[in-house]
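Listing of my_file.csv, CSV, C-alpha atoms and all ligand atoms
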chain,number,residue,atom,x,y,z
I,401,MET,CA,181.7,7.8,-130.7
I,402,GLU,CA,184.8,6.1,-132.0
I,403,SER,CA,184.5,5.6,-135.7
I,404,GLY,CA,184.8,2.2,-137.2
I,405,GLN,CA,182.7,0.5,-134.6
I,406,ARG,CA,179.2,1.4,-135.3
I,407,ASN,CA,178.8,-0.8,-138.4
I,408,ASP,CA,181.0,-3.7,-137.7
I,409,PRO,CA,178.9,-6.7,-138.8
I,410,GLU,CA,180.5,-9.0,-136.3
I,411,GLN,CA,179.3,-6.8,-133.5
I,412,HIS,CA,175.9,-6.6,-134.9
I,413,GLN,CA,175.8,-10.4,-135.0
I,414,VAL,CA,176.6,-10.5,-131.3
I,415,ALA,CA,174.0,-7.9,-130.6
I,416,SER,CA,171.4,-9.8,-132.6
I,417,THR,CA,172.1,-12.9,-130.6
I,418,ILE,CA,171.6,-11.0,-127.4
I,419,SER,CA,168.4,-9.4,-128.6
I,420,ARG,CA,167.0,-12.7,-129.8
I,421,ARG,CA,164.5,-12.7,-126.9
I,422,ALA,CA,161.3,-13.7,-128.7
I,423,LEU,CA,158.7,-11.0,-128.7
I,424,LEU,CA,155.4,-12.5,-127.4
I,425,GLY,CA,156.8,-15.8,-128.5
I,426,ALA,CA,156.2,-14.9,-132.1
I,427,ALA,CA,158.5,-12.5,-133.6
I,428,GLY,CA,161.7,-14.3,-132.6
I,429,GLY,CA,163.7,-11.1,-132.6
I,430,LEU,CA,166.1,-10.6,-135.5
I,431,GLY,CA,166.2,-14.3,-136.4
I,432,ILE,CA,162.9,-14.5,-138.2
I,433,GLY,CA,163.2,-10.9,-139.2
I,434,ALA,CA,166.3,-11.5,-141.3
I,435,ALA,CA,164.3,-13.8,-143.5
I,436,ALA,CA,161.3,-11.6,-143.7
I,437,TRP,CA,162.8,-8.3,-144.4
I,438,SER,CA,164.7,-9.6,-147.3
I,439,LEU,CA,161.4,-10.1,-149.0
I,440,GLY,CA,161.3,-6.3,-149.6
I,441,GLN,CA,158.4,-5.0,-147.5
I,442,SER,CA,159.8,-1.6,-147.8
I,443,ARG,CA,157.1,0.6,-149.3
I,444,SER,CA,155.8,4.0,-149.3
I,445,GLY,CA,152.3,5.3,-149.8
I,446,ALA,CA,151.0,1.8,-150.7
I,447,THR,CA,148.4,1.6,-148.0
I,448,ALA,CA,145.1,3.4,-148.2
I,449,PRO,CA,143.9,5.1,-145.0
I,450,THR,CA,141.3,2.5,-144.0
I,451,ALA,CA,141.8,2.6,-140.2
I,452,ALA,CA,139.7,5.6,-139.3
I,453,SER,CA,136.0,5.4,-139.1
I,454,PRO,CA,134.1,7.7,-141.4
I,455,GLU,CA,133.2,10.1,-138.6
I,456,ALA,CA,136.9,10.6,-138.1
I,457,ALA,CA,137.5,12.0,-141.5
I,458,THR,CA,136.3,15.5,-140.9
I,459,GLY,CA,139.5,17.1,-139.8
I,460,VAL,CA,142.9,17.7,-141.3
I,461,THR,CA,145.8,15.2,-142.0
I,462,ARG,CA,148.7,15.8,-139.7
I,463,GLU,CA,151.8,14.8,-141.6
I,464,TYR,CA,155.1,13.8,-140.1
I,465,PHE,CA,158.5,12.7,-141.5
I,466,ILE,CA,160.2,10.6,-138.9
I,467,ALA,CA,163.4,8.6,-139.2
I,468,ALA,CA,164.9,6.1,-136.7
I,469,GLU,CA,168.6,6.8,-136.3
I,470,GLU,CA,171.4,5.9,-134.0
I,471,PHE,CA,173.4,8.4,-132.0
I,472,ASP,CA,175.3,8.8,-128.8
I,473,TRP,CA,173.2,9.7,-125.8
I,474,ASP,CA,174.5,11.1,-122.5
I,475,TYR,CA,172.2,10.2,-119.6
I,476,ALA,CA,173.9,12.8,-117.4
I,477,PRO,CA,175.0,15.8,-119.4
I,478,GLY,CA,177.0,18.3,-117.3
I,479,GLY,CA,178.2,15.7,-114.8
I,480,ILE,CA,176.5,17.4,-111.9
I,481,ASP,CA,173.7,16.1,-109.7
I,482,ARG,CA,171.5,19.2,-109.7
I,483,MET,CA,169.6,17.8,-106.7
I,484,THR,CA,172.7,17.7,-104.5
I,485,GLY,CA,174.9,20.1,-106.4
I,486,ALA,CA,177.7,17.5,-106.3
I,487,PRO,CA,179.8,16.3,-109.2
I,488,LEU,CA,178.6,12.8,-110.2
I,489,ALA,CA,182.2,11.7,-110.4
I,490,THR,CA,182.6,12.1,-106.6
I,491,GLU,CA,179.3,10.6,-105.4
I,492,PRO,CA,179.5,6.9,-104.6
I,493,TYR,CA,175.8,6.4,-105.4
I,494,ALA,CA,176.2,7.9,-108.9
I,495,ILE,CA,179.6,6.5,-109.9
I,496,PRO,CA,178.4,3.0,-111.1
I,497,PHE,CA,175.8,4.6,-113.4
I,498,THR,CA,177.8,7.6,-114.7
I,499,GLN,CA,181.5,6.9,-114.6
I,500,PRO,CA,183.5,4.7,-117.0
I,501,GLY,CA,185.4,2.1,-115.0
I,502,ASP,CA,186.8,-1.4,-115.0
I,503,VAL,CA,183.4,-2.8,-115.7
I,504,THR,CA,181.1,0.2,-116.1
I,505,ILE,CA,180.5,2.1,-119.3
I,506,GLY,CA,179.6,5.5,-117.8
I,507,SER,CA,176.9,7.8,-118.9
I,508,VAL,CA,177.3,7.9,-122.7
I,509,TYR,CA,175.8,5.0,-124.8
I,510,ARG,CA,175.2,4.3,-128.4
I,511,LYS,CA,171.4,4.3,-128.7
I,512,ALA,CA,168.6,5.0,-131.2
I,513,HIS,CA,165.9,7.6,-131.4
I,514,TYR,CA,163.2,8.9,-133.7
I,515,VAL,CA,164.0,12.2,-135.4
I,516,ALA,CA,161.5,14.5,-137.2
I,517,TYR,CA,162.4,16.0,-140.6
I,518,THR,CA,160.8,18.7,-142.6
I,519,ASP,CA,160.1,16.7,-145.7
I,520,ASP,CA,160.7,13.4,-147.6
I,521,THR,CA,164.3,14.2,-148.3
I,522,PHE,CA,165.0,13.5,-144.6
I,523,THR,CA,167.8,16.1,-144.7
I,524,THR,CA,166.6,18.9,-142.5
I,525,PRO,CA,165.6,18.0,-138.9
I,526,VAL,CA,162.6,19.9,-137.6
I,527,PRO,CA,164.0,22.3,-134.9
I,528,ILE,CA,162.9,21.4,-131.4
I,529,ASP,CA,160.9,24.1,-129.8
I,530,PRO,CA,162.6,25.2,-126.5
I,531,ALA,CA,159.4,24.4,-124.7
I,532,TRP,CA,160.0,20.7,-125.7
I,533,HIS,CA,163.7,20.4,-124.9
I,534,HIS,CA,162.7,18.3,-121.9
I,535,LEU,CA,161.7,15.5,-124.3
I,536,GLY,CA,165.2,14.3,-124.2
I,537,ILE,CA,165.5,10.9,-125.8
I,538,LEU,CA,161.8,10.7,-126.7
I,539,GLY,CA,160.8,10.9,-130.3
I,540,PRO,CA,159.0,13.9,-131.8
I,541,LEU,CA,155.6,14.9,-130.5
I,542,ILE,CA,152.7,13.8,-132.8
I,543,ARG,CA,149.6,15.9,-132.3
I,544,ALA,CA,146.0,15.6,-133.5
I,545,GLU,CA,142.5,16.7,-132.7
I,546,VAL,CA,139.7,14.2,-132.8
I,547,GLY,CA,138.5,14.0,-136.4
I,548,ASP,CA,142.0,14.3,-137.9
I,549,ARG,CA,144.1,11.8,-139.6
I,550,VAL,CA,147.8,11.2,-138.9
I,551,LEU,CA,150.2,10.3,-141.8
I,552,VAL,CA,153.7,9.3,-140.8
I,553,HIS,CA,156.4,8.8,-143.4
I,554,PHE,CA,158.9,6.6,-141.7
I,555,ARG,CA,162.5,5.9,-142.7
I,556,ASN,CA,164.6,3.3,-140.9
I,557,GLN,CA,168.3,4.5,-140.9
I,558,LEU,CA,169.3,1.9,-138.4
I,559,TRP,CA,171.2,-1.4,-139.0
I,560,PHE,CA,168.4,-3.4,-137.5
I,561,PRO,CA,164.7,-3.6,-138.5
I,562,ALA,CA,162.3,-1.2,-136.8
I,563,SER,CA,158.8,0.1,-137.0
I,564,ILE,CA,156.3,2.6,-135.5
I,565,HIS,CA,153.4,1.2,-133.5
I,566,PRO,CA,150.9,3.7,-132.2
I,567,HIS,CA,148.9,3.2,-129.0
I,568,GLY,CA,145.3,4.4,-129.0
I,569,LEU,CA,145.0,5.7,-132.5
I,570,ALA,CA,142.9,3.8,-135.1
I,571,TYR,CA,144.9,1.5,-137.2
I,572,ASP,CA,144.1,-1.5,-139.3
I,573,LYS,CA,146.4,-4.5,-139.6
I,574,ALA,CA,148.4,-2.9,-142.4
I,575,ASN,CA,149.2,0.1,-140.3
I,576,GLU,CA,149.8,-1.5,-136.9
I,577,GLY,CA,153.5,-1.4,-137.0
I,578,ALA,CA,153.8,-4.4,-134.8
I,579,TYR,CA,155.6,-7.5,-136.1
I,580,TYR,CA,154.0,-10.9,-135.2
I,581,PRO,CA,153.7,-12.7,-138.5
I,582,GLY,CA,152.3,-15.9,-136.9
I,583,ALA,CA,148.9,-14.3,-136.3
I,584,PRO,CA,146.3,-15.1,-139.0
I,585,GLY,CA,145.7,-12.1,-141.2
I,586,ASP,CA,149.1,-10.6,-140.3
I,587,THR,CA,151.0,-10.1,-143.5
I,588,GLY,CA,154.3,-9.9,-141.7
I,589,ASP,CA,154.9,-6.5,-143.3
I,590,ASP,CA,155.2,-4.6,-140.0
I,591,LEU,CA,158.9,-4.5,-140.1
I,592,VAL,CA,160.9,-1.9,-142.0
I,593,PRO,CA,164.3,-3.2,-142.9
I,594,PRO,CA,167.5,-1.2,-142.6
I,595,GLY,CA,167.4,1.6,-145.2
I,596,GLY,CA,163.7,0.9,-145.8
I,597,SER,CA,160.8,3.3,-145.5
I,598,ARG,CA,157.0,3.2,-145.4
I,599,ASP,CA,153.9,5.3,-144.6
I,600,TYR,CA,151.6,4.8,-141.7
I,601,HIS,CA,148.0,6.0,-141.9
I,602,TRP,CA,146.3,6.3,-138.5
I,603,GLY,CA,142.8,7.6,-137.7
I,604,VAL,CA,141.8,9.8,-134.7
I,605,PRO,CA,138.1,8.9,-134.1
I,606,GLU,CA,136.3,9.7,-130.9
I,607,ARG,CA,137.5,6.5,-129.3
I,608,SER,CA,141.1,7.8,-129.7
I,609,GLY,CA,140.4,11.0,-127.9
I,610,PRO,CA,139.5,12.1,-124.4
I,611,GLY,CA,136.8,10.2,-122.7
I,612,PRO,CA,134.0,11.8,-120.6
I,613,ALA,CA,136.2,12.0,-117.5
I,614,ASP,CA,139.4,13.1,-119.3
I,615,PRO,CA,140.6,16.6,-119.6
I,616,SER,CA,140.7,18.3,-123.0
I,617,SER,CA,143.7,16.3,-124.2
I,618,ILE,CA,145.2,12.9,-123.5
I,619,MET,CA,148.4,11.2,-124.3
I,620,TRP,CA,149.4,8.1,-126.2
I,621,MET,CA,152.8,6.6,-126.8
I,622,TYR,CA,154.3,5.2,-130.1
I,623,HIS,CA,157.3,2.9,-130.2
I,624,SER,CA,159.1,0.4,-132.4
I,625,HIS,CA,157.5,-3.1,-132.2
I,626,VAL,CA,159.7,-5.5,-134.2
I,627,ASN,CA,161.5,-6.7,-131.1
I,628,GLU,CA,159.7,-4.6,-128.6
I,629,VAL,CA,162.0,-5.2,-125.7
I,630,THR,CA,165.2,-4.3,-127.4
I,631,ASP,CA,163.7,-1.6,-129.6
I,632,THR,CA,162.4,0.4,-126.7
I,633,ASN,CA,165.5,-0.1,-124.6
I,634,ALA,CA,167.4,1.2,-127.6
I,635,GLY,CA,165.3,4.4,-127.3
I,636,LEU,CA,162.7,4.0,-130.0
I,637,ILE,CA,159.7,5.5,-128.3
I,638,GLY,CA,157.9,8.8,-128.6
I,639,PRO,CA,154.7,10.7,-127.5
I,640,MET,CA,151.4,11.7,-129.0
I,641,ILE,CA,148.7,14.1,-127.8
I,642,VAL,CA,145.1,14.0,-128.9
I,643,THR,CA,142.8,16.9,-128.1
I,644,ARG,CA,139.1,16.7,-127.9
I,645,ARG,CA,137.2,17.8,-131.0
I,646,GLY,CA,136.4,21.5,-130.8
I,647,GLU,CA,138.8,22.2,-127.9
I,648,ALA,CA,142.0,22.5,-130.0
I,649,ASN,CA,143.6,25.4,-131.8
I,650,ALA,CA,144.8,25.1,-135.4
I,651,ASP,CA,147.9,23.2,-134.3
I,652,ALA,CA,145.8,20.8,-132.3
I,653,LEU,CA,147.0,22.2,-128.9
I,654,PRO,CA,144.3,22.2,-126.2
I,655,ARG,CA,143.1,25.8,-125.9
I,656,ASP,CA,142.6,25.6,-122.1
I,657,VAL,CA,146.3,24.8,-121.3
I,658,ASP,CA,149.2,27.2,-121.1
I,659,ARG,CA,152.1,24.7,-120.9
I,660,GLU,CA,152.6,21.0,-121.4
I,661,PHE,CA,155.2,18.5,-120.3
I,662,MET,CA,155.6,15.0,-121.5
I,663,ILE,CA,157.4,12.6,-119.2
I,664,LEU,CA,158.6,9.0,-119.4
I,665,PHE,CA,159.8,7.1,-116.4
I,666,SER,CA,161.8,4.1,-117.3
I,667,VAL,CA,164.7,2.0,-116.1
I,668,MET,CA,166.3,1.9,-119.5
I,669,ASP,CA,168.1,-1.5,-119.6
I,670,GLU,CA,171.3,-1.2,-121.6
I,671,ASN,CA,171.8,-5.0,-121.1
I,672,GLU,CA,168.8,-5.4,-123.3
I,673,SER,CA,169.9,-2.9,-126.0
I,674,PRO,CA,170.7,-4.0,-129.6
I,675,PHE,CA,173.8,-1.7,-129.1
I,676,LEU,CA,175.2,-3.7,-126.2
I,677,ALA,CA,178.1,-5.1,-128.2
I,678,GLN,CA,178.9,-1.7,-129.7
I,679,ASN,CA,178.8,-0.1,-126.2
I,680,ILE,CA,181.1,-2.8,-124.9
I,681,ALA,CA,183.5,-2.3,-127.8
I,682,LYS,CA,183.5,1.5,-127.4
I,683,SER,CA,184.7,1.0,-123.8
I,684,GLY,CA,187.7,-0.9,-125.1
I,685,TRP,CA,186.6,-4.4,-124.3
I,686,ASN,CA,186.2,-7.3,-126.7
I,687,PRO,CA,182.4,-8.0,-127.0
I,688,LEU,CA,183.1,-11.7,-127.7
I,689,GLU,CA,185.0,-12.2,-124.5
I,690,PHE,CA,183.5,-9.7,-122.1
I,691,ASP,CA,181.6,-11.1,-119.1
I,692,ARG,CA,178.2,-9.6,-119.6
I,693,GLY,CA,176.9,-11.4,-116.5
I,694,ASN,CA,179.2,-9.4,-114.2
I,695,PRO,CA,176.8,-8.0,-111.6
I,696,GLU,CA,178.5,-4.6,-111.4
I,697,PHE,CA,178.4,-4.3,-115.2
I,698,PHE,CA,174.8,-5.3,-115.3
I,699,GLU,CA,173.7,-2.9,-112.6
I,700,GLY,CA,175.6,0.0,-114.1
I,701,ASN,CA,173.6,-0.6,-117.3
I,702,LEU,CA,170.3,0.0,-115.6
I,703,LYS,CA,169.6,3.7,-116.1
I,704,HIS,CA,166.9,4.9,-113.8
I,705,ALA,CA,165.9,7.7,-116.2
I,706,ILE,CA,163.2,10.3,-116.8
I,707,ASN,CA,163.1,11.1,-120.5
I,708,GLY,CA,166.5,9.5,-120.7
I,709,TYR,CA,168.1,11.7,-118.0
I,710,ILE,CA,169.4,10.6,-114.6
I,711,PHE,CA,170.4,12.5,-111.5
I,712,SER,CA,168.4,15.6,-112.1
I,713,THR,CA,170.0,16.5,-115.4
I,714,LEU,CA,166.7,16.7,-117.2
I,715,PRO,CA,166.4,20.3,-118.6
I,716,GLY,CA,163.6,22.6,-119.4
I,717,LEU,CA,160.8,21.9,-116.8
I,718,ASP,CA,160.2,25.7,-116.5
I,719,MET,CA,156.8,27.3,-115.7
I,720,ARG,CA,155.2,30.3,-114.1
I,721,THR,CA,152.8,30.6,-111.2
I,722,GLY,CA,149.2,30.7,-112.3
I,723,GLU,CA,149.8,29.0,-115.6
I,724,ARG,CA,147.6,26.1,-116.5
I,725,VAL,CA,150.2,23.3,-116.7
I,726,ARG,CA,149.4,19.9,-118.1
I,727,TRP,CA,151.7,16.9,-117.2
I,728,TYR,CA,151.5,13.8,-119.4
I,729,VAL,CA,153.4,11.0,-117.6
I,730,ALA,CA,154.0,7.4,-118.7
I,731,GLY,CA,156.1,4.4,-117.9
I,732,ILE,CA,157.7,1.6,-119.8
I,733,GLY,CA,159.9,-1.3,-119.1
I,734,ASN,CA,160.1,-4.4,-116.9
I,735,GLU,CA,158.7,-5.6,-113.6
I,736,VAL,CA,161.0,-3.0,-111.9
I,737,ASP,CA,159.2,-0.3,-113.7
I,738,LEU,CA,156.6,0.6,-111.2
I,739,HIS,CA,157.1,4.3,-110.6
I,740,THR,CA,155.5,6.8,-108.4
I,741,PRO,CA,156.2,10.3,-109.7
I,742,HIS,CA,156.0,12.9,-107.0
I,743,TRP,CA,156.0,16.7,-107.5
I,744,HIS,CA,157.2,18.9,-104.6
I,745,GLY,CA,155.7,22.2,-103.8
I,746,GLN,CA,152.5,22.0,-105.8
I,747,THR,CA,149.4,19.8,-106.1
I,748,LEU,CA,147.7,18.4,-109.2
I,749,GLU,CA,144.3,17.3,-110.3
I,750,TRP,CA,143.7,13.9,-111.8
I,751,MET,CA,140.2,12.7,-112.7
I,752,GLY,CA,138.6,15.1,-110.4
I,753,MET,CA,140.8,14.2,-107.4
I,754,ARG,CA,143.7,16.1,-105.8
I,755,THR,CA,147.1,14.6,-105.5
I,756,ASP,CA,150.9,15.4,-105.5
I,757,MET,CA,151.9,12.0,-106.9
I,758,THR,CA,150.7,9.3,-109.3
I,759,GLU,CA,151.3,5.6,-110.0
I,760,LEU,CA,152.8,4.2,-113.2
I,761,LEU,CA,153.3,0.6,-114.5
I,762,PRO,CA,154.8,-0.3,-117.9
I,763,MET,CA,153.0,1.7,-120.5
I,764,SER,CA,150.6,3.4,-118.1
I,765,MET,CA,149.7,6.8,-119.4
I,766,LYS,CA,148.3,9.5,-117.2
I,767,VAL,CA,147.4,13.2,-117.5
I,768,LEU,CA,147.5,15.5,-114.6
I,769,ASP,CA,146.8,19.3,-114.4
I,770,MET,CA,148.8,21.6,-112.2
I,771,ARG,CA,148.2,25.3,-111.4
I,772,PRO,CA,151.6,26.1,-109.8
I,773,ASP,CA,151.4,28.6,-107.0
I,774,MET,CA,154.6,28.2,-105.0
I,775,PRO,CA,157.7,29.7,-106.7
I,776,GLY,CA,161.0,27.9,-106.4
I,777,ILE,CA,163.1,25.1,-107.8
I,778,TRP,CA,161.4,21.9,-106.9
I,779,LEU,CA,162.1,18.2,-106.9
I,780,PHE,CA,160.2,15.9,-109.2
I,781,HIS,CA,161.1,12.3,-108.6
I,782,CYS,CA,160.1,8.7,-108.4
I,783,HIS,CA,159.2,7.8,-104.9
I,784,VAL,CA,160.4,4.2,-105.1
I,785,ASN,CA,163.4,4.3,-102.7
I,786,ASP,CA,165.8,2.3,-104.9
I,787,HIS,CA,164.9,4.4,-108.0
I,788,LEU,CA,165.3,7.6,-106.1
I,789,GLU,CA,168.7,6.6,-105.0
I,790,SER,CA,169.7,5.4,-108.5
I,791,GLY,CA,169.0,8.8,-110.0
I,792,MET,CA,165.4,8.9,-111.0
I,793,THR,CA,165.1,12.5,-110.1
I,794,ALA,CA,164.5,15.8,-111.9
I,795,LEU,CA,164.0,19.5,-110.9
I,796,PHE,CA,161.3,21.8,-112.1
I,797,THR,CA,161.3,25.6,-111.8
I,798,VAL,CA,158.3,27.7,-110.9
I,799,SER,CA,158.9,31.4,-111.6
I,800,LYS,CA,156.7,34.3,-110.5
K,1,CU,CU,160.5,4.4,-110.1

What's the structure tokens form of this structure?
Ligand SMILES: [Cu+2]
Amino acid sequence: MESGQRNDPEQHQVASTISRRALLGAAGGLGIGAAAWSLGQSRSGATAPTAASPEAATGVTREYFIAAEEFDWDYAPGGIDRMTGAPLATEPYAIPFTQPGDVTIGSVYRKAHYVAYTDDTFTTPVPIDPAWHHLGILGPLIRAEVGDRVLVHFRNQLWFPASIHPHGLAYDKANEGAYYPGAPGDTGDDLVPPGGSRDYHWGVPERSGPGPADPSSIMWMYHSHVNEVTDTNAGLIGPMIVTRRGEANADALPRDVDREFMILFSVMDENESPFLAQNIAKSGWNPLEFDRGNPEFFEGNLKHAINGYIFSTLPGLDMRTGERVRWYVAGIGNEVDLHTPHWHGQTLEWMGMRTDMTELLPMSMKVLDMRPDMPGIWLFHCHVNDHLESGMTALFTVSK
């Protein structure tokens, strides 16, 4: 990333204008936010854990230190389509999405992500276990067993307001992390300003864990929910796993599973990113004059990604035959985000039924179990034709 661009206020103003899409007609993007977050909602530890029902309070408190930060993300590291073996720079189908050109940015974009730290100094990132390198742009995995509590210390290191909104866990209005101050009872404090921090207290009662027909663990997603559209397109989204009470080990992992993978299918829309102006500027164009409506530019900014990777560059989907492998798959995005993940070479079980694919809509979350028996390097891709052609593919490896 070229220095001197990332914090230029003029660019931010342009980005703010672009991201002014009102969220649910209420938040008004950064416009309302600018007034609200000057009121100093930044706080830490001020909120008592009221969300969990009493029966939830039997377990431990899972504590996380998570920051929202900006960084440069490469959607196609290595520059090779591992599915075809061809360099992306020579493949006509891949060039608009991966190569810098007259009106295309390429594969590297300024984005945001959640990062886990070891403590409240936010200086030492938690090392990512090699088994979870496949998370890619996703935030750190939050785990709990039913009966636990989750305490997240959040720090916003970005230049725009952000939050963490959890799906599925038990939260009261003070810990919702979703900004819609027009709603009665909403204090409008669900927005953490740049440089601000706060704690989130979430409960994990029975209704946040696996239901009767679920396997021993289920997934939820968390994401920033100040301007949900632009926040999530920026990259502010991450996974959670909740294991049924009594079926977890001390680290809340399900005991009946050998390996887990967490997968997000999303056409990440860089046209709807708060970093759009910065990404235009880093390409050498003037953000104030550049034609953002250029169809080629617009299309090149639609990254048909799995965990933020396109054209089979997603690493780390490695397993062995006979292992009990659990796949957590989710989608997010727009009306184009109807995805049909398909695994080659193996079958999976979902809710007592056998399949080799599943269906996702925006924020669908599904858990499928696989017992791989065919060794090889296999395709894992979205079966929607346009998405498949645009790079929504990955490979997974089954070793003996
Ligand atoms: Cu798809």

Give me, as a PyMOL selection string, all polymer residues having an atom no more than 12 Å from Asp691 of chain I, counting all atoms listed in the file and skipping those fewer than 5 positions away in the same chain. chain I and resi 502-504+671+677+680+685-686+696-698

Contacts of ligand CU 1 (chain K), 10 Å or closer, all atoms listed in the file, given as a count of residues only: 29

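Nearest-residue note for Tyr622 of chain I: choosing from I:Gly609, I:Gly638, I:Gly684, I:Gly733, the minimum distance belongs to I:Gly638, counting only C-alpha atoms.
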
Which residues are near Met774 of chain I? Cut-off 9 Å, only C-alpha atoms, ignore same chain within fewer than 4 positions. Put them as a compact mmCIF listing (two decimals) with C-alpha atoms, keeping the file's coordinate frame.
# COMPACT_ATOMS: atom_id res chain seq x y z
CA THR I 721 152.80 30.60 -111.20
CA GLY I 745 155.70 22.20 -103.80
CA GLN I 746 152.50 22.00 -105.80
CA VAL I 798 158.30 27.70 -110.90
CA SER I 799 158.90 31.40 -111.60
CA LYS I 800 156.70 34.30 -110.50

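For the residues I:Met765, I:Ile542, I:Leu535, I:Ala512, ranking by smallest atom-to-atom distance to Asp631 of chain I using all atoms listed in the file places I:Ala512 first.
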
Would you kindly return, as an mmCIF file with C-alpha atoms, in the coordinates of the input, each protein, DNA or RNA residue with an atom no farther than 10 Å from any atom of Thr518 of chain I, considering only C-alpha atoms and excluding same-chain residues fewer than 2 positions away?
data_model
loop_
_atom_site.group_PDB
_atom_site.id
_atom_site.type_symbol
_atom_site.label_atom_id
_atom_site.label_comp_id
_atom_site.auth_asym_id
_atom_site.auth_seq_id
_atom_site.Cartn_x
_atom_site.Cartn_y
_atom_site.Cartn_z
ATOM 1 C CA GLU I 463 151.800 14.800 -141.600
ATOM 2 C CA TYR I 464 155.100 13.800 -140.100
ATOM 3 C CA PHE I 465 158.500 12.700 -141.500
ATOM 4 C CA ILE I 466 160.200 10.600 -138.900
ATOM 5 C CA ALA I 516 161.500 14.500 -137.200
ATOM 6 C CA ASP I 520 160.700 13.400 -147.600
ATOM 7 C CA THR I 521 164.300 14.200 -148.300
ATOM 8 C CA PHE I 522 165.000 13.500 -144.600
ATOM 9 C CA THR I 523 167.800 16.100 -144.700
ATOM 10 C CA THR I 524 166.600 18.900 -142.500
ATOM 11 C CA PRO I 525 165.600 18.000 -138.900
ATOM 12 C CA VAL I 526 162.600 19.900 -137.600
ATOM 13 C CA PRO I 527 164.000 22.300 -134.900
#

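We find atom CA of Val642 of chain I and atom CA of Val767 of chain I to be spaced 11.7 Å apart.
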
Segment 620-636 of chain I, all listed atoms, 4 Å padding on each side: what axis-aligned box centre and edge lengths in Å to one decimal come out, as lines of an AutoDock Vina configuration file?
center_x = 158.4
center_y = 0.7
center_z = -129.4
size_x = 26.0
size_y = 22.8
size_z = 17.6

Using only C-alpha atoms, which protein or nucleic acid residues come within 6 Å of Val592 of chain I? Drop anything in the same chain fewer than 3 positions from it, and give the result as a PyMOL selection string. chain I and resi 442+561-563+596

For Leu702 of chain I, which residue out of I:Asn649, I:Thr498, I:Thr458, I:Asn556 is the nearest one, using all atoms listed in the file? I:Thr498

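Distance-wise, atom CA of Pro775 of chain I and atom CA of Thr797 of chain I end up 7.5 Å apart.
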
Since the input lacks atoms, please generate N, CA and C atoms for segment 679-691 of chain I and provide them as a PDB file, in the frame of the given file.
ATOM      1  N   ASN I 679     178.463  -0.894-127.403  1.00  0.00           N
ATOM      2  CA  ASN I 679     178.800  -0.100-126.200  1.00  0.00           C
ATOM      3  C   ASN I 679     179.954  -0.796-125.436  1.00  0.00           C
ATOM      4  N   ILE I 680     180.000  -2.131-125.478  1.00  0.00           N
ATOM      5  CA  ILE I 680     181.100  -2.800-124.900  1.00  0.00           C
ATOM      6  C   ILE I 680     182.405  -2.505-125.637  1.00  0.00           C
ATOM      7  N   ALA I 681     182.306  -2.544-126.963  1.00  0.00           N
ATOM      8  CA  ALA I 681     183.500  -2.300-127.800  1.00  0.00           C
ATOM      9  C   ALA I 681     183.999  -0.869-127.621  1.00  0.00           C
ATOM     10  N   LYS I 682     183.081   0.083-127.509  1.00  0.00           N
ATOM     11  CA  LYS I 682     183.500   1.500-127.400  1.00  0.00           C
ATOM     12  C   LYS I 682     184.210   1.738-126.063  1.00  0.00           C
ATOM     13  N   SER I 683     183.974   0.835-125.096  1.00  0.00           N
ATOM     14  CA  SER I 683     184.700   1.000-123.800  1.00  0.00           C
ATOM     15  C   SER I 683     186.030   0.278-123.837  1.00  0.00           C
ATOM     16  N   GLY I 684     186.387  -0.286-124.990  1.00  0.00           N
ATOM     17  CA  GLY I 684     187.700  -0.900-125.100  1.00  0.00           C
ATOM     18  C   GLY I 684     187.756  -2.360-124.789  1.00  0.00           C
ATOM     19  N   TRP I 685     186.587  -2.983-124.626  1.00  0.00           N
ATOM     20  CA  TRP I 685     186.600  -4.400-124.300  1.00  0.00           C
ATOM     21  C   TRP I 685     186.141  -5.209-125.526  1.00  0.00           C
ATOM     22  N   ASN I 686     186.535  -6.462-125.551  1.00  0.00           N
ATOM     23  CA  ASN I 686     186.200  -7.300-126.700  1.00  0.00           C
ATOM     24  C   ASN I 686     184.780  -7.906-126.421  1.00  0.00           C
ATOM     25  N   PRO I 687     183.821  -7.554-127.275  1.00  0.00           N
ATOM     26  CA  PRO I 687     182.400  -8.000-127.000  1.00  0.00           C
ATOM     27  C   PRO I 687     182.290  -9.524-127.015  1.00  0.00           C
ATOM     28  N   LEU I 688     183.201 -10.224-127.668  1.00  0.00           N
ATOM     29  CA  LEU I 688     183.100 -11.700-127.700  1.00  0.00           C
ATOM     30  C   LEU I 688     183.614 -12.332-126.435  1.00  0.00           C
ATOM     31  N   GLU I 689     184.412 -11.618-125.691  1.00  0.00           N
ATOM     32  CA  GLU I 689     185.000 -12.200-124.500  1.00  0.00           C
ATOM     33  C   GLU I 689     184.499 -11.584-123.210  1.00  0.00           C
ATOM     34  N   PHE I 690     183.913 -10.408-123.319  1.00  0.00           N
ATOM     35  CA  PHE I 690     183.500  -9.700-122.100  1.00  0.00           C
ATOM     36  C   PHE I 690     182.449 -10.416-121.328  1.00  0.00           C
ATOM     37  N   ASP I 691     182.570 -10.414-120.016  1.00  0.00           N
ATOM     38  CA  ASP I 691     181.600 -11.100-119.100  1.00  0.00           C
ATOM     39  C   ASP I 691     180.391 -10.200-118.912  1.00  0.00           C
TER      40      ASP I 691
END
